[in-house]
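Note: the block below is upload-v2.cif and it holds mmCIF, C-alpha atoms.
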data_target
#
loop_
_atom_site.label_atom_id
_atom_site.label_comp_id
_atom_site.auth_asym_id
_atom_site.auth_seq_id
_atom_site.Cartn_x
_atom_site.Cartn_y
_atom_site.Cartn_z
CA MET W 269 4.02 165.45 72.00
CA THR W 270 2.73 169.00 71.67
CA ALA W 271 4.08 171.53 69.20
CA THR W 272 5.86 173.52 71.93
CA GLU W 273 7.58 170.39 73.18
CA ARG W 274 8.71 169.48 69.66
CA VAL W 275 10.10 172.95 69.06
CA SER W 276 11.94 173.04 72.41
CA LEU W 277 13.33 169.55 71.83
CA ALA W 278 14.64 170.63 68.42
CA LEU W 279 16.18 173.74 70.02
CA VAL W 280 17.86 171.61 72.67
CA TRP W 281 19.38 169.36 70.02
CA ILE W 282 20.56 172.31 67.92
CA LEU W 283 22.20 173.87 70.99
CA ALA W 284 23.80 170.55 71.95
CA ALA W 285 25.17 170.04 68.44
CA ALA W 286 26.51 173.62 68.38
CA SER W 287 28.21 173.11 71.75
CA ALA W 288 29.74 169.84 70.59
CA ALA W 289 31.03 171.53 67.43
CA PHE W 290 32.45 174.40 69.52
CA LEU W 291 34.20 171.92 71.83
CA MET W 292 35.60 169.86 68.96
CA ALA W 293 36.78 172.85 66.88
CA PRO W 294 40.33 173.10 68.32
CA LEU W 295 40.75 169.32 67.99
CA LEU W 296 39.75 169.37 64.33
CA VAL W 297 42.19 172.22 63.71
CA THR W 298 44.97 170.29 65.43
CA VAL W 299 44.30 167.10 63.46
CA ALA W 300 44.14 169.05 60.20
CA VAL W 301 47.44 170.80 60.89
CA SER W 302 49.15 167.53 61.84
CA PHE W 303 48.17 165.97 58.50
CA GLY W 304 49.08 169.08 56.52
CA SER W 305 52.15 169.38 54.34
CA SER W 306 52.81 173.04 55.13
CA ALA W 307 55.93 173.91 57.10
CA VAL W 308 54.15 176.91 58.65
CA PHE W 309 51.16 176.78 60.98
CA THR W 310 48.27 177.39 58.58
CA LEU W 311 44.75 176.28 57.78
CA PRO W 312 43.55 174.82 55.49
CA PRO W 313 46.86 173.11 54.61
CA PRO W 314 47.98 173.37 50.97
CA ALA W 315 48.09 169.56 50.69
CA TRP W 316 47.60 166.55 52.94
CA SER W 317 50.59 164.52 54.01
CA THR W 318 51.89 162.32 56.81
CA ARG W 319 55.36 163.83 56.79
CA TRP W 320 55.12 165.11 60.38
CA TYR W 321 54.11 161.65 61.58
CA GLU W 322 57.00 160.09 59.69
CA ARG W 323 59.37 162.58 61.25
CA LEU W 324 58.03 161.91 64.74
CA TRP W 325 58.27 158.14 64.13
CA ALA W 326 61.94 158.54 63.26
CA SER W 327 62.59 160.71 66.29
CA ARG W 328 64.36 159.13 69.24
CA ASP W 329 62.39 161.33 71.67
CA LEU W 330 59.04 159.70 70.92
CA TRP W 331 59.18 156.43 72.87
CA PRO W 332 60.62 157.64 76.21
CA ALA W 333 58.20 160.58 76.22
CA LEU W 334 55.23 158.37 75.37
CA TRP W 335 56.15 155.87 78.06
CA THR W 336 56.55 158.64 80.68
CA SER W 337 53.17 160.11 79.72
CA LEU W 338 51.37 156.79 80.01
CA ARG W 339 53.09 155.86 83.27
CA VAL W 340 52.41 159.22 84.95
CA ALA W 341 48.80 159.36 83.72
CA GLY W 342 48.14 155.81 84.88
CA ILE W 343 49.59 156.27 88.35
CA ALA W 344 47.93 159.67 88.80
CA THR W 345 44.54 158.24 87.77
CA ALA W 346 44.90 155.32 90.21
CA LEU W 347 45.89 157.68 93.01
CA ALA W 348 43.06 160.11 92.23
CA LEU W 349 40.59 157.22 92.11
CA VAL W 350 41.51 156.02 95.60
CA LEU W 351 41.78 159.48 97.20
CA GLY W 352 38.75 160.83 95.33
CA THR W 353 36.54 157.90 96.34
CA LEU W 354 37.54 158.23 99.99
CA CYS W 355 37.02 162.00 99.85
CA ALA W 356 33.60 161.66 98.21
CA ILE W 357 32.50 159.12 100.83
CA ALA W 358 33.65 161.48 103.58
CA VAL W 359 31.76 164.42 102.05
CA VAL W 360 28.52 162.45 101.64
CA ARG W 361 28.55 160.28 104.78
CA GLY W 362 30.82 162.20 107.14
CA ARG W 363 29.43 164.14 110.07
CA PHE W 364 31.70 167.07 110.68
CA PRO W 365 31.18 170.84 110.36
CA GLY W 366 31.15 171.89 106.70
CA ALA W 367 30.79 168.31 105.49
CA ARG W 368 27.72 169.12 103.45
CA PRO W 369 28.17 172.59 101.95
CA TRP W 370 25.29 172.22 99.51
CA SER W 371 22.73 170.55 101.72
CA PRO W 372 19.39 172.30 101.33
CA SER W 373 18.55 173.22 104.89
CA MET X 92 23.88 160.13 69.78
CA GLN X 93 24.15 160.91 73.48
CA ALA X 94 27.38 158.90 73.63
CA LEU X 95 28.75 161.02 70.79
CA LEU X 96 27.90 164.22 72.68
CA LEU X 97 29.55 162.91 75.82
CA LEU X 98 32.62 161.99 73.79
CA SER X 99 32.81 165.57 72.49
CA ILE X 100 32.99 166.72 76.13
CA ILE X 101 35.58 164.19 77.32
CA LEU X 102 37.82 164.16 74.24
CA PRO X 103 38.83 167.86 74.35
CA LEU X 104 39.99 167.35 77.95
CA SER X 105 42.75 165.05 76.74
CA VAL X 106 44.26 167.74 74.51
CA GLY X 107 46.57 170.13 76.28
CA VAL X 108 45.67 173.78 76.80
CA VAL X 109 48.71 174.88 74.79
CA VAL X 110 47.54 172.90 71.77
CA LYS X 111 44.02 174.29 72.05
CA ALA X 112 45.25 177.86 72.43
CA TYR X 113 47.35 177.49 69.27
CA ALA X 114 44.35 176.01 67.44
CA TRP X 115 42.33 179.09 68.43
CA GLN X 116 45.13 181.30 67.15
CA ILE X 117 44.54 179.88 63.66
CA VAL X 118 40.75 180.12 63.91
CA LEU X 119 40.68 183.68 65.27
CA ARG X 120 43.20 185.20 62.84
CA ARG X 121 42.22 187.91 60.37
CA ASP X 122 42.12 185.28 57.60
CA GLY X 123 40.73 182.65 59.98
CA VAL X 124 37.48 180.69 59.74
CA VAL X 125 35.49 182.89 62.13
CA SER X 126 36.40 186.14 60.40
CA GLN X 127 35.67 184.67 56.95
CA ALA X 128 32.34 183.24 58.12
CA LEU X 129 31.22 186.57 59.66
CA VAL X 130 32.15 188.45 56.47
CA ALA X 131 30.33 185.86 54.33
CA LEU X 132 27.23 186.23 56.50
CA GLY X 133 27.38 190.01 56.09
CA ILE X 134 27.83 190.67 59.81
CA TRP X 135 31.28 192.16 59.29
CA ASP X 136 32.13 194.43 56.35
CA ALA X 137 35.80 193.51 56.27
CA PRO X 138 37.87 190.70 57.77
CA GLN X 139 39.01 191.47 61.31
CA ARG X 140 41.18 189.58 63.68
CA LEU X 141 39.75 188.32 66.96
CA LEU X 142 43.19 187.18 68.03
CA PHE X 143 44.77 189.53 70.56
CA THR X 144 41.33 190.85 71.56
CA GLU X 145 39.33 190.33 74.72
CA ALA X 146 36.51 188.70 72.72
CA GLY X 147 38.97 186.15 71.39
CA LEU X 148 40.20 185.40 74.89
CA VAL X 149 36.62 184.90 76.11
CA ILE X 150 35.92 182.49 73.22
CA GLY X 151 39.06 180.51 73.94
CA ALA X 152 38.46 180.40 77.69
CA ALA X 153 34.82 179.35 77.29
CA ASN X 154 35.97 176.57 74.97
CA VAL X 155 38.63 175.28 77.33
CA PHE X 156 36.44 175.37 80.44
CA LEU X 157 33.04 174.36 79.03
CA PRO X 158 33.45 170.67 79.99
CA PHE X 159 33.95 171.68 83.62
CA MET X 160 30.49 173.27 83.60
CA ILE X 161 28.79 170.49 81.64
CA LEU X 162 30.08 167.49 83.59
CA PRO X 163 28.85 168.40 87.12
CA ILE X 164 25.46 169.54 85.79
CA TYR X 165 25.19 166.39 83.67
CA ALA X 166 26.00 164.19 86.65
CA VAL X 167 23.27 165.83 88.74
CA ILE X 168 20.58 165.93 86.04
CA ARG X 169 21.08 162.23 85.28
CA LEU X 170 20.18 161.38 88.87
CA ILE X 171 16.94 163.40 88.96
CA ASP X 172 13.98 161.04 89.20
CA PRO X 173 12.03 161.47 85.91
CA ARG X 174 8.83 160.71 87.80
CA LEU X 175 9.09 164.10 89.51
CA THR X 176 8.58 166.06 86.29
CA GLU X 177 5.94 163.55 85.22
CA ALA X 178 4.10 164.14 88.50
CA ALA X 179 4.29 167.89 87.94
CA ALA X 180 2.91 167.36 84.43
CA THR X 181 -0.04 165.33 85.73
CA LEU X 182 -0.77 168.14 88.15
CA GLY X 183 -1.03 170.48 85.17
CA ALA X 184 2.32 172.29 85.25
CA SER X 185 3.47 173.69 81.91
CA PRO X 186 6.88 172.63 80.54
CA VAL X 187 8.38 175.99 81.53
CA ARG X 188 6.97 175.74 85.04
CA ARG X 189 8.17 172.12 85.34
CA PHE X 190 11.65 173.24 84.40
CA LEU X 191 11.70 176.25 86.72
CA THR X 192 10.14 174.64 89.80
CA VAL X 193 11.31 171.00 89.56
CA THR X 194 14.36 170.48 87.34
CA LEU X 195 16.21 173.74 88.01
CA PRO X 196 16.11 173.63 91.85
CA LEU X 197 17.24 169.99 91.82
CA THR X 198 20.10 170.88 89.44
CA LEU X 199 21.38 173.74 91.62
CA PRO X 200 24.13 171.73 93.36
CA GLY X 201 25.57 170.82 89.94
CA ILE X 202 25.32 174.42 88.74
CA VAL X 203 27.09 175.65 91.86
CA SER X 204 29.97 173.20 91.46
CA GLY X 205 30.14 174.09 87.76
CA ILE X 206 30.39 177.80 88.57
CA ALA X 207 33.00 177.12 91.23
CA PHE X 208 35.10 175.00 88.85
CA VAL X 209 34.89 177.25 85.81
CA PHE X 210 35.31 180.54 87.62
CA SER X 211 38.31 179.38 89.64
CA LEU X 212 39.94 177.93 86.54
CA ALA X 213 39.12 180.92 84.33
CA VAL X 214 40.26 183.56 86.81
CA SER X 215 43.60 181.80 87.21
CA MET X 216 44.22 180.71 83.62
CA TYR X 217 47.69 181.53 82.39
CA VAL X 218 48.37 179.66 79.17
CA VAL X 219 45.28 180.76 77.25
CA PRO X 220 45.74 184.54 77.76
CA SER X 221 49.49 184.26 77.14
CA LEU X 222 48.92 182.64 73.76
CA VAL X 223 45.68 184.34 72.69
CA ILE X 224 46.26 187.96 73.75
CA GLY X 225 49.98 187.86 74.40
CA ASP X 226 51.39 190.90 76.14
CA ARG X 227 48.67 193.23 74.94
CA TYR X 228 46.70 193.07 78.17
CA GLN X 229 47.63 191.63 81.51
CA THR X 230 45.25 189.50 83.50
CA LEU X 231 46.01 189.05 87.16
CA ALA X 232 46.98 185.45 86.45
CA THR X 233 49.43 186.34 83.66
CA LEU X 234 50.87 189.00 85.97
CA THR X 235 51.36 186.27 88.58
CA GLY X 236 52.96 183.98 86.01
CA ARG X 237 55.29 186.71 84.79
CA ALA X 238 56.28 187.57 88.33
CA PHE X 239 57.36 183.98 88.97
CA LEU X 240 58.76 183.04 85.55
CA PHE X 241 60.41 186.20 84.24
CA LEU X 242 60.70 188.83 86.94
CA ARG X 243 61.77 186.29 89.58
CA ASP X 244 59.74 188.36 92.00
CA GLU X 245 58.14 185.66 94.12
CA ARG X 246 56.71 188.12 96.63
CA LEU X 247 54.75 189.99 93.94
CA GLY X 248 53.62 186.66 92.46
CA SER X 249 52.50 185.29 95.80
CA THR X 250 50.60 188.47 96.60
CA THR X 251 48.68 188.54 93.31
CA ALA X 252 48.03 184.79 93.66
CA VAL X 253 46.48 185.38 97.08
CA ILE X 254 44.23 188.10 95.63
CA LEU X 255 43.08 185.63 92.96
CA LEU X 256 42.49 183.02 95.63
CA VAL X 257 40.36 185.42 97.67
CA ILE X 258 38.28 186.29 94.59
CA ALA X 259 37.78 182.61 93.73
CA VAL X 260 36.78 181.74 97.31
CA ALA X 261 34.37 184.68 97.40
CA VAL X 262 32.68 183.49 94.20
CA VAL X 263 32.42 179.89 95.41
CA VAL X 264 31.01 180.93 98.80
CA GLY X 265 28.69 183.48 97.18
CA SER X 266 27.26 181.06 94.62
CA THR X 267 26.79 178.41 97.31
CA ALA X 268 24.90 180.86 99.50
CA LEU X 269 22.78 181.98 96.54
CA ALA X 270 21.98 178.38 95.62
CA ARG X 271 20.98 177.63 99.18
CA ARG X 272 18.63 180.61 99.25
CA LEU X 273 17.08 179.81 95.87
CA GLY X 274 16.85 176.08 96.54
CA GLY X 275 15.49 176.52 100.05
CA GLY X 276 11.94 177.23 98.90
CA GLY X 277 11.50 174.35 96.48
CA GLN X 278 13.04 171.49 98.42
CA SER X 279 13.61 170.75 102.06
#
Rewritten as structure tokens:
Amino acid sequence: MTATERVSLALVWILAAASAAFLMAPLLVTVAVSFGSSAVFTLPPPAWSTRWYERLWASRDLWPALWTSLRVAGIATALALVLGTLCAIAVVRGRFPGARPWSPS
Amino acid sequence: MQALLLLSIILPLSVGVVVKAYAWQIVLRRDGVVSQALVALGIWDAPQRLLFTEAGLVIGAANVFLPFMILPIYAVIRLIDPRLTEAAATLGASPVRRFLTVTLPLTLPGIVSGIAFVFSLAVSMYVVPSLVIGDRYQTLATLTGRAFLFLRDERLGSTTAVILLVIAVAVVVGSTALARRLGGGGQS
């Protein structure tokens, strides 16, 4: 490996790590807030606690909502899988005008 | 390591836009992490808020839509035969030349779908601008949302939605045409 290749590889990894950190930032904030003890939306939380989880656990809204989410997501994924596969086959194999918008010709 | 990177692309997709926009509200506040970091680095003299600014909206939007650019490009790059760049290397092409004449033209379809995805989503985003810049500025999409949700003026909403649609279609068609012209020389 030449020096240029090593440098560019290092740059690629730094950029990838920075992008991953950028993508994960809102998730980390959300997790931190959910485990915080503060009653207002703030970061960093004054102390760590699981009080919001305990409150959600005690809530009667949790289980119906969770079940609806899982059911809808599951059915939608199955539907999208079938329709998406058929659609992708049609786009790649089909012979109709506009079937291959990105064909290099 | 690669699996970890891929996870960091997929995982944010499972968190709702509302949650992410609120998370950015905390980060972009005057006493938020970004402001504190920029002051500590000496780039800013005093803490400023990025929340309710256009820069903040761009940061939030780029964050929400980044996976939709990465995934199509990733899918295409994975399928490129590595022997092609190796062949170019044996023929004496420099790394830059290999990238520009082999990898980039073969990646164009992925780039075009990425642009189409991200631009259409970004031009029509409603939740992120509502929560990050509020009522300070209107984007055409928040105007559309307001027309439907608050003003109950469906005709205004439909009209602005059609304008957005035309813009999105123009960008998709334009980037496809550009990709075809650029890719036409390298591959056939």
Interface list for chain W, partner chain X, 6 Å threshold, all atoms listed in the file, as a PyMOL selection string: chain W and resi 288+291+294+297+372
Using Å and a single decimal, report how far CA of Ala207 (chain X) sits from CA of Ala152 (chain X). 15.0 Å
Quick one: pull the distance between CA of Thr194 (chain X) and CA of Ala179 (chain X), Å, one decimal. 10.4 Å
Residues near Val299 (chain W), cut-off 12 Å, all atoms listed in the file, skip fewer than 6 positions along chain, as a PyMOL selection string: (chain W and resi 292-293+311-313+316-318+320-321) or (chain X and resi 106+110-111+114)
Quick check on the file I pasted: which residues fall under the PyMOL selection byres ((chain X and resi 255) around 9)? Write them as a list in words. Ser211, Val214, Ser215, Leu231, Ala232, Thr250, Thr251, Ala252, Val253, Ile254, Leu256, Val257, Ile258, Ala259 and Val260 of chain X
Interatomic distance between CA of Phe190 (chain X) and CA of Glu177 (chain X)?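 These atoms are spaced 11.3 Å apart.
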